[in-house]
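**Q** Below is one structure. I have some questions about it.
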Amino acid sequence: MNAFEPDFSHLELNRVTSYLVATHHSFARDVMDDISTMLQNVREEQPVKEFAAIWDSFKAKMNAHMDEEENILFPLIDEIATSDDPHAVMKNAESDSVLSEMISQHDHHEDDVHKILELARNFGPDKTDSARLHKLYRKVVQLYQDLHEHLELETRVLVPRLLEFKS
Ligand SMILES: [Fe+2]
Ligand SMILES: [Fe+2]
């Protein structure tokens, strides 16, 4: 757990979801937009080419996933957190396969996020002297670090606590 974050294992679930949206989701969207803007003028440069080739689809996938969480998964979690019969709410939702599909998307995220960082290393400070590329590299590192924390919070705290209502 990050030393600056509260003990999420005991925080009400609806407070965990609103924290995720206000911090990690918002940060990821902003930083991904910054990266797209910074890429505009450098995407044809040799060290950036491989990164640029997968960037747009990575960003679209991440945005679609966060939208789905905000529109489907988090409202369900909020409903469970405030319901008198959370098990019944969970049971209803479980018949909807969207839920398990959405949770399983996290399995691929770790690989995608690592891939992005790996390709950004081609324009890291040890590979090029370009100040513009160093700034871009630093943004990708910030995105990586935040997505890593974000994913940890969802897969190690939020989803397991949600699944407790399955039985
Ligand atoms: Fe998320
Ligand atoms: Fe997620």
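Lettering and numbering for the structure tokens are positional, with chains as A, B, ... in the shown order, residues counted from 1 in each chain, and ligands counted from 1 in the shown order.
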What residues have any atom no more than 7 Å from ligand 2 when counting only C-alpha atoms and all ligand atoms, and can you list them as an mmCIF file with N, CA and C atoms, in the first residue's frame?
**A**
data_model
loop_
_atom_site.group_PDB
_atom_site.id
_atom_site.type_symbol
_atom_site.label_atom_id
_atom_site.label_comp_id
_atom_site.auth_asym_id
_atom_site.auth_seq_id
_atom_site.Cartn_x
_atom_site.Cartn_y
_atom_site.Cartn_z
ATOM 1 N N HIS A 65 -12.453 1.518 -20.778
ATOM 2 C CA HIS A 65 -12.527 0.754 -19.526
ATOM 3 C C HIS A 65 -12.973 1.654 -18.360
ATOM 4 N N MET A 66 -12.381 2.838 -18.280
ATOM 5 C CA MET A 66 -12.760 3.743 -17.174
ATOM 6 C C MET A 66 -14.207 4.208 -17.328
ATOM 7 N N GLU A 69 -16.373 1.432 -16.138
ATOM 8 C CA GLU A 69 -16.364 1.357 -14.674
ATOM 9 C C GLU A 69 -17.294 2.421 -14.095
ATOM 10 N N HIS A 106 -8.957 -6.295 -16.239
ATOM 11 C CA HIS A 106 -7.787 -5.926 -15.442
ATOM 12 C C HIS A 106 -6.610 -6.864 -15.659
ATOM 13 N N LEU A 151 -4.553 0.306 -10.554
ATOM 14 C CA LEU A 151 -4.868 -1.093 -10.804
ATOM 15 C C LEU A 151 -4.781 -1.910 -9.514
ATOM 16 N N GLU A 154 -7.865 -1.349 -7.422
ATOM 17 C CA GLU A 154 -9.054 -2.023 -7.952
ATOM 18 C C GLU A 154 -8.962 -3.545 -7.817
#
**Q** Determine, using only C-alpha atoms and all ligand atoms, which residues of chain A have any atom at most 12 Å from an atom of ligand 1, and tabulate each with its shortest atom pair and distance in Å to one decimal place, rows ordered by chain and then rising number, as a Markdown table.
**A**
| residue | atom | partner | partner_atom_place_in_ligand_line | distance |
| --- | --- | --- | --- | --- |
| A:Val16 | CA | ligand 1 | 1 (Fe) | 10.7 |
| A:Thr17 | CA | ligand 1 | 1 (Fe) | 8.5 |
| A:Ser18 | CA | ligand 1 | 1 (Fe) | 10.5 |
| A:Tyr19 | CA | ligand 1 | 1 (Fe) | 10.2 |
| A:Leu20 | CA | ligand 1 | 1 (Fe) | 6.5 |
| A:Val21 | CA | ligand 1 | 1 (Fe) | 7.2 |
| A:Ala22 | CA | ligand 1 | 1 (Fe) | 10.5 |
| A:Thr23 | CA | ligand 1 | 1 (Fe) | 9.9 |
| A:His24 | CA | ligand 1 | 1 (Fe) | 7.1 |
| A:His25 | CA | ligand 1 | 1 (Fe) | 6.0 |
| A:Ser26 | CA | ligand 1 | 1 (Fe) | 9.8 |
| A:Phe27 | CA | ligand 1 | 1 (Fe) | 10.8 |
| A:Ala28 | CA | ligand 1 | 1 (Fe) | 9.3 |
| A:Arg29 | CA | ligand 1 | 1 (Fe) | 10.9 |
| A:Lys61 | CA | ligand 1 | 1 (Fe) | 11.8 |
| A:Met62 | CA | ligand 1 | 1 (Fe) | 8.7 |
| A:Asn63 | CA | ligand 1 | 1 (Fe) | 9.4 |
| A:Ala64 | CA | ligand 1 | 1 (Fe) | 10.3 |
| A:His65 | CA | ligand 1 | 1 (Fe) | 7.3 |
| A:Met66 | CA | ligand 1 | 1 (Fe) | 5.2 |
| A:Asp67 | CA | ligand 1 | 1 (Fe) | 8.6 |
| A:Glu68 | CA | ligand 1 | 1 (Fe) | 9.0 |
| A:Glu69 | CA | ligand 1 | 1 (Fe) | 6.4 |
| A:Glu70 | CA | ligand 1 | 1 (Fe) | 8.1 |
| A:Asn71 | CA | ligand 1 | 1 (Fe) | 11.4 |
| A:Ile72 | CA | ligand 1 | 1 (Fe) | 11.7 |
| A:Leu73 | CA | ligand 1 | 1 (Fe) | 9.6 |
| A:Phe74 | CA | ligand 1 | 1 (Fe) | 9.2 |
| A:Met102 | CA | ligand 1 | 1 (Fe) | 10.4 |
| A:Ile103 | CA | ligand 1 | 1 (Fe) | 10.2 |
| A:Gln105 | CA | ligand 1 | 1 (Fe) | 10.6 |
| A:His106 | CA | ligand 1 | 1 (Fe) | 9.1 |
| A:His109 | CA | ligand 1 | 1 (Fe) | 10.5 |
| A:Asp146 | CA | ligand 1 | 1 (Fe) | 10.8 |
| A:Leu147 | CA | ligand 1 | 1 (Fe) | 8.5 |
| A:His148 | CA | ligand 1 | 1 (Fe) | 10.5 |
| A:Glu149 | CA | ligand 1 | 1 (Fe) | 10.1 |
| A:His150 | CA | ligand 1 | 1 (Fe) | 6.3 |
| A:Leu151 | CA | ligand 1 | 1 (Fe) | 6.8 |
| A:Glu152 | CA | ligand 1 | 1 (Fe) | 9.8 |
| A:Leu153 | CA | ligand 1 | 1 (Fe) | 8.6 |
| A:Glu154 | CA | ligand 1 | 1 (Fe) | 6.6 |
| A:Thr155 | CA | ligand 1 | 1 (Fe) | 9.5 |
| A:Leu158 | CA | ligand 1 | 1 (Fe) | 10.0 |
| A:Val159 | CA | ligand 1 | 1 (Fe) | 10.9 |
**Q** I need the chosen residues saved as a PDB file, in the first residue's frame, with C-alpha atoms.
**A**
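As written to disk, again21.pdb reads:
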ATOM      1  CA  VAL A  16     -13.432   4.002  -2.608  1.00  0.00           C
ATOM      2  CA  THR A  17     -15.177   4.365  -5.994  1.00  0.00           C
ATOM      3  CA  SER A  18     -15.562   8.138  -5.677  1.00  0.00           C
ATOM      4  CA  TYR A  19     -11.906   8.402  -4.663  1.00  0.00           C
ATOM      5  CA  LEU A  20     -10.878   6.364  -7.725  1.00  0.00           C
ATOM      6  CA  VAL A  21     -12.882   8.576 -10.089  1.00  0.00           C
ATOM      7  CA  ALA A  22     -11.722  11.860  -8.570  1.00  0.00           C
ATOM      8  CA  THR A  23      -8.054  10.907  -8.436  1.00  0.00           C
ATOM      9  CA  HIS A  24      -6.803   8.032 -10.611  1.00  0.00           C
ATOM     10  CA  HIS A  25      -9.419   8.221 -13.396  1.00  0.00           C
ATOM     11  CA  SER A  26      -9.166  11.974 -13.673  1.00  0.00           C
ATOM     12  CA  PHE A  27      -5.358  11.901 -13.561  1.00  0.00           C
ATOM     13  CA  ALA A  28      -5.129   9.152 -16.193  1.00  0.00           C
ATOM     14  CA  ARG A  29      -7.428  11.018 -18.594  1.00  0.00           C
ATOM     15  CA  LYS A  61      -8.908   1.018 -24.443  1.00  0.00           C
ATOM     16  CA  MET A  62      -8.086   2.682 -21.125  1.00  0.00           C
ATOM     17  CA  ASN A  63     -10.701   5.380 -21.631  1.00  0.00           C
ATOM     18  CA  ALA A  64     -13.359   2.827 -22.608  1.00  0.00           C
ATOM     19  CA  HIS A  65     -12.527   0.754 -19.526  1.00  0.00           C
ATOM     20  CA  MET A  66     -12.760   3.743 -17.174  1.00  0.00           C
ATOM     21  CA  ASP A  67     -16.036   4.834 -18.804  1.00  0.00           C
ATOM     22  CA  GLU A  68     -17.469   1.361 -18.290  1.00  0.00           C
ATOM     23  CA  GLU A  69     -16.364   1.357 -14.674  1.00  0.00           C
ATOM     24  CA  GLU A  70     -17.986   4.727 -14.086  1.00  0.00           C
ATOM     25  CA  ASN A  71     -21.198   3.795 -15.913  1.00  0.00           C
ATOM     26  CA  ILE A  72     -21.682   0.173 -14.869  1.00  0.00           C
ATOM     27  CA  LEU A  73     -19.316  -1.248 -12.251  1.00  0.00           C
ATOM     28  CA  PHE A  74     -19.041   1.664  -9.822  1.00  0.00           C
ATOM     29  CA  MET A 102     -15.137  -5.855 -16.957  1.00  0.00           C
ATOM     30  CA  ILE A 103     -13.330  -7.350 -13.979  1.00  0.00           C
ATOM     31  CA  GLN A 105     -10.156  -6.646 -18.325  1.00  0.00           C
ATOM     32  CA  HIS A 106      -7.787  -5.926 -15.442  1.00  0.00           C
ATOM     33  CA  HIS A 109      -4.035  -4.079 -18.186  1.00  0.00           C
ATOM     34  CA  ASP A 146      -0.383   6.153 -11.367  1.00  0.00           C
ATOM     35  CA  LEU A 147      -1.998   3.359 -13.405  1.00  0.00           C
ATOM     36  CA  HIS A 148      -0.046   0.842 -11.375  1.00  0.00           C
ATOM     37  CA  GLU A 149      -1.426   2.216  -8.092  1.00  0.00           C
ATOM     38  CA  HIS A 150      -4.895   2.520  -9.653  1.00  0.00           C
ATOM     39  CA  LEU A 151      -4.868  -1.093 -10.804  1.00  0.00           C
ATOM     40  CA  GLU A 152      -3.606  -2.315  -7.415  1.00  0.00           C
ATOM     41  CA  LEU A 153      -6.435  -0.544  -5.633  1.00  0.00           C
ATOM     42  CA  GLU A 154      -9.054  -2.023  -7.952  1.00  0.00           C
ATOM     43  CA  THR A 155      -7.722  -5.574  -8.172  1.00  0.00           C
ATOM     44  CA  LEU A 158     -12.159  -3.108  -4.594  1.00  0.00           C
ATOM     45  CA  VAL A 159     -12.921  -6.240  -6.614  1.00  0.00           C
TER      46      VAL A 159
END
**Q** For the interface of range 75-163 of chain A with range 44-58 of chain A (cut-off 10 Å, counting only C-alpha atoms), please tabulate each contacting residue of range 75-163 of chain A alongside its nearest pair of atoms and their separation in Å to one decimal, rows sorted by chain and increasing number, as CSV.
**A**
residue,atom,partner,partner_atom,distance
A:His109,CA,A:Phe58,CA,9.6
A:Asp112,CA,A:Phe58,CA,7.4
A:Val113,CA,A:Phe58,CA,8.5
A:Lys115,CA,A:Phe51,CA,8.9
A:Ile116,CA,A:Phe51,CA,6.8
A:Leu117,CA,A:Phe51,CA,8.9
A:Glu118,CA,A:Phe51,CA,8.8
A:Leu119,CA,A:Phe51,CA,5.2
A:Ala120,CA,A:Phe51,CA,6.3
A:Arg121,CA,A:Pro47,CA,8.8
A:Asn122,CA,A:Pro47,CA,5.3
A:Phe123,CA,A:Pro47,CA,5.5
A:Gly124,CA,A:Pro47,CA,9.2
A:Lys127,CA,A:Pro47,CA,8.4
A:Thr128,CA,A:Pro47,CA,8.2
A:Leu133,CA,A:Val48,CA,8.3
A:Leu136,CA,A:Val48,CA,9.7
A:Tyr137,CA,A:Val48,CA,9.8
**Q** Please save N, CA and C atoms of the selected residues as a PDB file, in the first residue's frame.
**A**
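Okay, this is what ended up in selection_9.pdb:
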ATOM      1  N   HIS A 109      -4.544  -5.437 -18.345  1.00  0.00           N
ATOM      2  CA  HIS A 109      -4.035  -4.079 -18.186  1.00  0.00           C
ATOM      3  C   HIS A 109      -2.580  -4.036 -17.779  1.00  0.00           C
ATOM      4  N   ASP A 112      -0.437  -4.418 -20.756  1.00  0.00           N
ATOM      5  CA  ASP A 112      -0.501  -3.242 -21.642  1.00  0.00           C
ATOM      6  C   ASP A 112       0.311  -2.085 -21.072  1.00  0.00           C
ATOM      7  N   VAL A 113       0.178  -1.891 -19.759  1.00  0.00           N
ATOM      8  CA  VAL A 113       0.855  -0.778 -19.102  1.00  0.00           C
ATOM      9  C   VAL A 113       2.379  -0.988 -19.119  1.00  0.00           C
ATOM     10  N   LYS A 115       3.991  -2.685 -21.388  1.00  0.00           N
ATOM     11  CA  LYS A 115       4.403  -2.539 -22.789  1.00  0.00           C
ATOM     12  C   LYS A 115       4.636  -1.058 -23.124  1.00  0.00           C
ATOM     13  N   ILE A 116       3.731  -0.216 -22.662  1.00  0.00           N
ATOM     14  CA  ILE A 116       3.829   1.224 -22.902  1.00  0.00           C
ATOM     15  C   ILE A 116       5.142   1.775 -22.309  1.00  0.00           C
ATOM     16  N   LEU A 117       5.438   1.362 -21.080  1.00  0.00           N
ATOM     17  CA  LEU A 117       6.660   1.848 -20.427  1.00  0.00           C
ATOM     18  C   LEU A 117       7.905   1.330 -21.158  1.00  0.00           C
ATOM     19  N   GLU A 118       7.829   0.069 -21.539  1.00  0.00           N
ATOM     20  CA  GLU A 118       8.969  -0.548 -22.235  1.00  0.00           C
ATOM     21  C   GLU A 118       9.290   0.215 -23.530  1.00  0.00           C
ATOM     22  N   LEU A 119       8.258   0.571 -24.296  1.00  0.00           N
ATOM     23  CA  LEU A 119       8.488   1.284 -25.560  1.00  0.00           C
ATOM     24  C   LEU A 119       8.931   2.730 -25.317  1.00  0.00           C
ATOM     25  N   ALA A 120       8.496   3.300 -24.197  1.00  0.00           N
ATOM     26  CA  ALA A 120       8.916   4.670 -23.864  1.00  0.00           C
ATOM     27  C   ALA A 120      10.406   4.699 -23.524  1.00  0.00           C
ATOM     28  N   ARG A 121      10.944   3.562 -23.096  1.00  0.00           N
ATOM     29  CA  ARG A 121      12.378   3.520 -22.746  1.00  0.00           C
ATOM     30  C   ARG A 121      13.249   3.834 -23.961  1.00  0.00           C
ATOM     31  N   ASN A 122      12.677   3.651 -25.177  1.00  0.00           N
ATOM     32  CA  ASN A 122      13.443   3.976 -26.399  1.00  0.00           C
ATOM     33  C   ASN A 122      13.759   5.459 -26.501  1.00  0.00           C
ATOM     34  N   PHE A 123      13.010   6.286 -25.788  1.00  0.00           N
ATOM     35  CA  PHE A 123      13.324   7.720 -25.817  1.00  0.00           C
ATOM     36  C   PHE A 123      13.590   8.256 -24.407  1.00  0.00           C
ATOM     37  N   GLY A 124      14.074   7.381 -23.550  1.00  0.00           N
ATOM     38  CA  GLY A 124      14.451   7.777 -22.190  1.00  0.00           C
ATOM     39  C   GLY A 124      15.736   8.588 -22.191  1.00  0.00           C
ATOM     40  N   LYS A 127      18.848   7.350 -23.891  1.00  0.00           N
ATOM     41  CA  LYS A 127      18.770   6.968 -25.304  1.00  0.00           C
ATOM     42  C   LYS A 127      18.784   8.150 -26.270  1.00  0.00           C
ATOM     43  N   THR A 128      18.441   9.325 -25.788  1.00  0.00           N
ATOM     44  CA  THR A 128      18.364  10.478 -26.677  1.00  0.00           C
ATOM     45  C   THR A 128      18.713  11.761 -25.907  1.00  0.00           C
ATOM     46  N   LEU A 133      11.657  14.871 -26.024  1.00  0.00           N
ATOM     47  CA  LEU A 133      11.409  13.447 -25.797  1.00  0.00           C
ATOM     48  C   LEU A 133      11.578  13.080 -24.325  1.00  0.00           C
ATOM     49  N   LEU A 136       8.323  13.908 -22.727  1.00  0.00           N
ATOM     50  CA  LEU A 136       7.335  12.885 -23.083  1.00  0.00           C
ATOM     51  C   LEU A 136       7.575  11.610 -22.266  1.00  0.00           C
ATOM     52  N   TYR A 137       8.839  11.211 -22.176  1.00  0.00           N
ATOM     53  CA  TYR A 137       9.204  10.012 -21.404  1.00  0.00           C
ATOM     54  C   TYR A 137       8.733  10.152 -19.950  1.00  0.00           C
TER      55      TYR A 137
END
**Q** So the first atom is CA of Glu164 in chain A and the second is CA of Ser104 in chain A; what is the distance between them in Å, to one decimal place?
**A**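 Between CA of Glu164 in chain A and CA of Ser104 in chain A the gap is 16.5 Å.
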**Q** Between CA of Met32 in chain A and CA of His114 in chain A, measure the distance and give it in Å to one decimal.
**A**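 Between CA of Met32 in chain A and CA of His114 in chain A the gap is 15.3 Å.
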**Q** Name the residues in contact with range 87-94 of chain A at a cut-off of 8 Å, using only C-alpha atoms, excluding same-chain residues fewer than 5 positions from it; report them as number ranges by chain.
**A** A: 76, 79-80, 99-100, 165-167
**Q** Can you write just those residues out, N, CA and C atoms, as a short mmCIF file (atom, residue, chain, number, x, y, z; two decimals), in the first residue's frame?
**A**
data_model
loop_
_atom_site.label_atom_id
_atom_site.label_comp_id
_atom_site.auth_asym_id
_atom_site.auth_seq_id
_atom_site.Cartn_x
_atom_site.Cartn_y
_atom_site.Cartn_z
N LEU A 76 -22.94 0.00 -9.55
CA LEU A 76 -23.35 -1.25 -8.90
C LEU A 76 -22.72 -1.34 -7.50
N GLU A 79 -24.42 0.90 -5.18
CA GLU A 79 -25.73 0.36 -4.80
C GLU A 79 -25.55 -0.70 -3.71
N ILE A 80 -24.54 -1.55 -3.89
CA ILE A 80 -24.25 -2.59 -2.90
C ILE A 80 -23.87 -1.96 -1.56
N LEU A 99 -20.34 -7.64 -16.10
CA LEU A 99 -19.61 -7.47 -14.85
C LEU A 99 -18.31 -8.29 -14.81
N SER A 100 -18.42 -9.59 -15.10
CA SER A 100 -17.20 -10.41 -15.04
C SER A 100 -16.24 -10.04 -16.17
N PHE A 165 -19.63 -10.39 -1.72
CA PHE A 165 -21.10 -10.40 -1.70
C PHE A 165 -21.68 -11.45 -2.64
N LYS A 166 -20.81 -12.27 -3.22
CA LYS A 166 -21.28 -13.31 -4.14
C LYS A 166 -21.96 -14.46 -3.43
N SER A 167 -21.44 -14.78 -2.24
CA SER A 167 -21.92 -16.00 -1.57
C SER A 167 -23.27 -15.79 -0.90
#
**Q** Out of A:Asp78, A:Asp111, A:Glu101, A:Asp30, which residue has the shortest atom-to-atom distance to Gln142 in chain A when counting only C-alpha atoms?
**A**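 Among A:Asp78, A:Asp111, A:Glu101, A:Asp30, it is A:Asp30 that comes nearest to Gln142 in chain A.
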**Q** Can you list, as a ChimeraX atom specification, every residue of range 39-131 of chain A that DSSP puts in helix (DSSP H, G or I)?
**A** /A:39,46-82,86-94,97-123,131
**Q** What does the file look like for those residues with C-alpha atoms, as an mmCIF file, in the first residue's frame?
**A**
data_model
loop_
_atom_site.group_PDB
_atom_site.id
_atom_site.type_symbol
_atom_site.label_atom_id
_atom_site.label_comp_id
_atom_site.auth_asym_id
_atom_site.auth_seq_id
_atom_site.Cartn_x
_atom_site.Cartn_y
_atom_site.Cartn_z
ATOM 1 C CA LEU A 39 3.194 13.136 -29.444
ATOM 2 C CA GLN A 46 12.671 7.100 -34.861
ATOM 3 C CA PRO A 47 12.758 6.397 -31.085
ATOM 4 C CA VAL A 48 9.060 7.269 -30.767
ATOM 5 C CA LYS A 49 7.656 5.330 -33.732
ATOM 6 C CA GLU A 50 6.968 2.028 -31.958
ATOM 7 C CA PHE A 51 5.390 3.778 -28.983
ATOM 8 C CA ALA A 52 3.244 5.983 -31.248
ATOM 9 C CA ALA A 53 2.052 2.941 -33.196
ATOM 10 C CA ILE A 54 0.246 1.479 -30.175
ATOM 11 C CA TRP A 55 -0.504 4.661 -28.229
ATOM 12 C CA ASP A 56 -3.901 5.546 -29.726
ATOM 13 C CA SER A 57 -5.367 2.104 -29.205
ATOM 14 C CA PHE A 58 -3.925 1.884 -25.670
ATOM 15 C CA LYS A 59 -5.501 5.217 -24.785
ATOM 16 C CA ALA A 60 -8.861 4.313 -26.344
ATOM 17 C CA LYS A 61 -8.908 1.018 -24.443
ATOM 18 C CA MET A 62 -8.086 2.682 -21.125
ATOM 19 C CA ASN A 63 -10.701 5.380 -21.631
ATOM 20 C CA ALA A 64 -13.359 2.827 -22.608
ATOM 21 C CA HIS A 65 -12.527 0.754 -19.526
ATOM 22 C CA MET A 66 -12.760 3.743 -17.174
ATOM 23 C CA ASP A 67 -16.036 4.834 -18.804
ATOM 24 C CA GLU A 68 -17.469 1.361 -18.290
ATOM 25 C CA GLU A 69 -16.364 1.357 -14.674
ATOM 26 C CA GLU A 70 -17.986 4.727 -14.086
ATOM 27 C CA ASN A 71 -21.198 3.795 -15.913
ATOM 28 C CA ILE A 72 -21.682 0.173 -14.869
ATOM 29 C CA LEU A 73 -19.316 -1.248 -12.251
ATOM 30 C CA PHE A 74 -19.041 1.664 -9.822
ATOM 31 C CA PRO A 75 -22.794 2.428 -9.725
ATOM 32 C CA LEU A 76 -23.350 -1.251 -8.898
ATOM 33 C CA ILE A 77 -20.733 -1.067 -6.134
ATOM 34 C CA ASP A 78 -22.347 2.098 -4.785
ATOM 35 C CA GLU A 79 -25.725 0.359 -4.798
ATOM 36 C CA ILE A 80 -24.253 -2.594 -2.901
ATOM 37 C CA ALA A 81 -22.566 -0.301 -0.402
ATOM 38 C CA THR A 82 -25.842 1.414 0.454
ATOM 39 C CA PRO A 86 -26.177 -6.320 -0.838
ATOM 40 C CA HIS A 87 -26.101 -10.056 -1.636
ATOM 41 C CA ALA A 88 -29.369 -9.755 -3.600
ATOM 42 C CA VAL A 89 -28.030 -6.784 -5.546
ATOM 43 C CA MET A 90 -24.881 -8.744 -6.354
ATOM 44 C CA LYS A 91 -26.882 -11.795 -7.416
ATOM 45 C CA ASN A 92 -28.910 -9.744 -9.901
ATOM 46 C CA ALA A 93 -25.806 -8.137 -11.320
ATOM 47 C CA GLU A 94 -24.043 -11.454 -11.686
ATOM 48 C CA SER A 97 -21.887 -11.039 -17.937
ATOM 49 C CA VAL A 98 -20.676 -7.461 -18.477
ATOM 50 C CA LEU A 99 -19.606 -7.466 -14.850
ATOM 51 C CA SER A 100 -17.204 -10.410 -15.039
ATOM 52 C CA GLU A 101 -15.950 -9.246 -18.440
ATOM 53 C CA MET A 102 -15.137 -5.855 -16.957
ATOM 54 C CA ILE A 103 -13.330 -7.350 -13.979
ATOM 55 C CA SER A 104 -11.335 -9.633 -16.265
ATOM 56 C CA GLN A 105 -10.156 -6.646 -18.325
ATOM 57 C CA HIS A 106 -7.787 -5.926 -15.442
ATOM 58 C CA ASP A 107 -5.829 -9.091 -16.226
ATOM 59 C CA HIS A 108 -4.655 -7.557 -19.516
ATOM 60 C CA HIS A 109 -4.035 -4.079 -18.186
ATOM 61 C CA GLU A 110 -0.849 -4.925 -16.371
ATOM 62 C CA ASP A 111 0.708 -6.238 -19.609
ATOM 63 C CA ASP A 112 -0.501 -3.242 -21.642
ATOM 64 C CA VAL A 113 0.855 -0.778 -19.102
ATOM 65 C CA HIS A 114 4.242 -2.531 -19.003
ATOM 66 C CA LYS A 115 4.403 -2.539 -22.789
ATOM 67 C CA ILE A 116 3.829 1.224 -22.902
ATOM 68 C CA LEU A 117 6.660 1.848 -20.427
ATOM 69 C CA GLU A 118 8.969 -0.548 -22.235
ATOM 70 C CA LEU A 119 8.488 1.284 -25.560
ATOM 71 C CA ALA A 120 8.916 4.670 -23.864
ATOM 72 C CA ARG A 121 12.378 3.520 -22.746
ATOM 73 C CA ASN A 122 13.443 3.976 -26.399
ATOM 74 C CA PHE A 123 13.324 7.720 -25.817
ATOM 75 C CA ALA A 131 14.500 17.632 -24.268
#
**Q** In Å to one decimal, how far is CA of Tyr144 in chain A from CA of Glu12 in chain A?
**A**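 Atom-to-atom, CA of Glu12 in chain A to CA of Tyr144 in chain A, that is 26.8 Å.
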**Q** Using only C-alpha atoms, determine which residues lie at most 9 Å from Met38 in chain A, disregarding the query and same-chain residues fewer than 3 positions distant; provide the list as JSON, numbers by chain.
**A** {"A": [33, 34, 35, 41, 42, 43, 132, 133, 135, 136]}
**Q** Output C-alpha atoms of each residue in that selection to a file, as a PDB file, in the first residue's frame.
**A**
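Result file result_27.pdb:
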ATOM      1  CA  ASP A  33      -4.409  13.803 -23.255  1.00  0.00           C
ATOM      2  CA  ASP A  34      -1.088  15.520 -22.456  1.00  0.00           C
ATOM      3  CA  ILE A  35       0.822  12.604 -23.973  1.00  0.00           C
ATOM      4  CA  ASN A  41       5.032  16.684 -33.417  1.00  0.00           C
ATOM      5  CA  VAL A  42       7.356  13.812 -32.598  1.00  0.00           C
ATOM      6  CA  ARG A  43       5.496  10.650 -33.585  1.00  0.00           C
ATOM      7  CA  ARG A 132      11.069  17.215 -25.899  1.00  0.00           C
ATOM      8  CA  LEU A 133      11.409  13.447 -25.797  1.00  0.00           C
ATOM      9  CA  LYS A 135       9.468  15.402 -21.233  1.00  0.00           C
ATOM     10  CA  LEU A 136       7.335  12.885 -23.083  1.00  0.00           C
TER      11      LEU A 136
END
**Q** Using only C-alpha atoms, pick whichever of A:Glu5, A:Val31, A:Gln40, A:Asp126 has the shortest atom-to-atom distance to Lys139 in chain A.
**A**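 For Lys139 in chain A, the nearest of the given residues is A:Val31.
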